[in-house]
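Okay, so here's the structure we're looking at.
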Amino acid sequence: MSPERRRHTYGALCGLGLALVGSLACSPSEPQQETPAPLPTGGESRRARVRFKGLHRLENDLSQALSLPIEELCTELGSEPCSRIHKIALGGVMPYTRGIHEPLPLRSVSNAAAVDRLVISACARRAELDFGGATPPVLFGDLTQTLDDLGAERAARRLYNALLRRDESPEERAEIVTFVAQQKAKGATPQEVALLACYALGTSVEALFY
Amino acid sequence: MVRTKALLSCGLAAVLWGWTGVALAQPPATKIFCDVYPDAPACAKGSTECSTCHDAVPGRNAFGRTVEKHLAPGEPRPLATETFVAGLPEALATAEGEDSDGDGVTNREEIRSGSAPGDAGSKPATEACTPSVVGRYRLCTYDAAYVLRKVYLDFCGRSATMAEQAELQSAADPRAHVHKVLDTCLKSENWRGKDGVVWNLANRKIRPSASIKSGKDAGPVPLGDYEDDYALFVYTQIDNHDARDLLLARYFVERIDGPPTIYETFDRSPVQDYIQRGQDGAQVVDRDHRAGMITTRWFLVAFTMFTPLPRTSAAQAYRAYLGRDLAMQEGIVPIAGEPFDYDAKGVKAPECASCHATLDPLTYPFSRYGGLDSLKWISKTLTAYWTERLSQFPEADTTELANTPEAGAILGQPVANLVEWAEVAANSPEFAETLVMNYWREFFGGPPTAEEMPTFAELALRLRTIHNYGIERMLHDLIDTEVYGVP
């Protein structure tokens, strides 16, 4: 990927990430031009007890959502599973060799980076397979070369169903359609758009916490 | 809302540490607090938490500082114990009308409502919670769909699929459906398999170390294997087995990897086990002297090691299974005349005696169980339990060592030996509370708040009195609670 393409990709990630409350992904140095959508009305949770899913739940969910074996989600240097390399950062334990008996009580500085690494790698792998042509697409088949609105709407449905296990709202669908159109105008390929949308949803608060 | 920092009661010693600079063994201030406020949510267990007055013992929070201000004013510090005990109720009463943390709510209101009087971020709910719908959440009411999603994540280790969520919508009795799903997840590998949720709850209790592991995947200095310990732990927590067997089991458990992972009990003498599994794998305590997790080979090797009076073993058992960390001044129940200081470690010094009057009698019953030292004589005794063990330390600093009694005390109750120690411990409220706490922390990320304490206490009580220590029955209770089920 060229430097220009990388900048373009990163900017797009942040834009959609913000729009979809994907709060972990964006660099503070990137301009944040869009304001978050207002919270839905109807009340507030008294407890607001929200927990990070942690390593195993995250892996299981991504594996299921992207139809990938866990060992294919993410590897470092093409061989070592990210879940092993970034185990503690992702909320795992190492009782036998490091005496870390429980997940760290607070998320570490590297937590967000490790989550990013895991999700973007998994999304990239799914996109690679879906657009590679060797097998029928599993998730991104609706994002054809034309990147039309109808395909974007269908892709939104598939992504929300897979990654968040629910249907999207009309507003969320519109966000995806707008995003796809914006990326199309900027010359992004369908595979790049698929990766970005997957990453944004996969790093949203809703996908990472419960 | 800030969470309580320690569930189990700290002694008055902890409080005195803050007030006098020296920790002395005393009846618990947390108990006195609850004598004054018996109906406070924080007192559902009979005593409140250290965090009512302390940030981190001995440091005090805003409420603790207010109480201190009103406690025996004019009396020279450090306060005598009697002065402290006599003055605390009045100091609490005087502090009631103030707003220590400046959150606009008086201490009295906070204590009565279950919020924290020393934490400005903790206030009583001022508005009625009206059920409403926000997105997928039904607020202020038990939300079966929310619980279903949490049960899948907490117990099965994954999110519910859309099809699984749809099943709930079509269920005639949503709650019953959730309980059915829970039963399924309790059988999952995520829950009961190696390195699963239950397995990992044992990490802090077993404290494994790969470097001295024997058996499979042995380390460079193989001394003992903790696989039996994990297997016994998981076995006691699944299929509604009696969880007291953590401390009462005379049997061991073998793990057969799956899926499904299966746990099977076995009961062999040390000699039989030696024949079956060889020197590296055999358990070393004879049946009559076994006490579950605290007499396994790993426990004795890792905690007792070469120590004549294995205080580390006793302290670990107290911490792991009764939730009392003596190093944090928790669970101080001094015994008259103690510490005797049989091993001449200087524990009679006032700075030491405050803890050792509890710890040493807690330790005596462990003194007949050999750790690494048992290698010297186990071929003669055929067990790591030996009444004459303390005569095997001729290098000891004192001749009194061999006179150390086997009898000791736990929670203030005399016991003749470790088997009795374990029985008292396993049948105590503290044990049940610690069991529930293991899971509470797992699901909620920390101990209960004062507001949640009645729910917690009820779970522990029902585990003891209704569920016959069946953890899975307790977990069915837990997912029905407002704390778990109301988003």
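Residue numbering restarts at 1 for every chain of the structure tokens, chains are lettered A, B, ... in their displayed order, and ligands are numbered from 1 as they appear.
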**Report entry** 10 Å contacts from chain B to chain A using only C-alpha atoms, as JSON, numbers by chain
**Finding:** {"B": [1, 125, 129, 130, 131, 132, 133, 134, 135, 136, 137, 138, 139, 140, 146, 149, 150, 152, 153, 154, 156, 157, 158, 159, 160, 161, 162, 163, 164, 165, 190, 195, 196, 200, 201, 202, 203, 204, 205, 206, 207, 208, 209, 210, 211, 213, 226, 442, 443, 444, 445, 446, 483, 484, 486, 487]}
Just list as a short mmCIF file (atom, residue, chain, number, x, y, z; two decimals) with N, CA, C and O atoms, in the first residue's frame whatever in region 312-438 of chain B DSSP marks as strand (DSSP E).
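Written file, selection_16.cif:
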data_model
loop_
_atom_site.label_atom_id
_atom_site.label_comp_id
_atom_site.auth_asym_id
_atom_site.auth_seq_id
_atom_site.Cartn_x
_atom_site.Cartn_y
_atom_site.Cartn_z
N GLY B 408 -4.53 -26.05 67.33
CA GLY B 408 -4.46 -24.61 67.11
C GLY B 408 -5.84 -24.01 67.15
O GLY B 408 -6.72 -24.52 67.87
N ALA B 409 -6.05 -22.97 66.39
CA ALA B 409 -7.36 -22.31 66.37
C ALA B 409 -7.57 -21.60 65.05
O ALA B 409 -6.61 -21.11 64.44
N ILE B 410 -8.82 -21.60 64.64
CA ILE B 410 -9.19 -20.85 63.44
C ILE B 410 -10.50 -20.15 63.70
O ILE B 410 -11.43 -20.74 64.29
N GLN B 413 -11.90 -20.54 67.05
CA GLN B 413 -12.39 -21.85 67.49
C GLN B 413 -11.23 -22.83 67.62
O GLN B 413 -10.46 -23.00 66.66
N PRO B 414 -11.07 -23.49 68.77
CA PRO B 414 -9.97 -24.45 68.92
C PRO B 414 -10.15 -25.65 68.01
O PRO B 414 -11.27 -26.12 67.79
N VAL B 415 -9.04 -26.14 67.47
CA VAL B 415 -9.08 -27.34 66.63
C VAL B 415 -7.88 -28.21 67.01
O VAL B 415 -6.82 -27.72 67.36
#
Report task. Check region 69-98 of chain B with DSSP on the backbone and list each residue it calls alpha helix (DSSP H), as a count of residues only. Result -> 17
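If you look at CA of Asp288 (chain B) and CA of Asn417 (chain B), they are 11.3 Å away from each other.
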Report task. Extract, using only C-alpha atoms, all DNA, RNA and protein residues at most 8 Å from Pro308 (chain B), discarding same-chain residues fewer than 6 positions from it, and format them as a count of residues only. Result -> 3
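Counting only C-alpha atoms and comparing A:Glu206, A:Glu71, A:Asp142, A:Glu175, the residue that lies closest to Gln191 (chain A) is A:Asp142.
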Query raised in the report: What is the CA of Met453 (chain B) to CA of Tyr235 (chain B) distance in Å?
Result: 28.0 Å
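Between CA of Ala86 (chain B) and CA of Leu359 (chain B) the interatomic distance comes to 26.7 Å.
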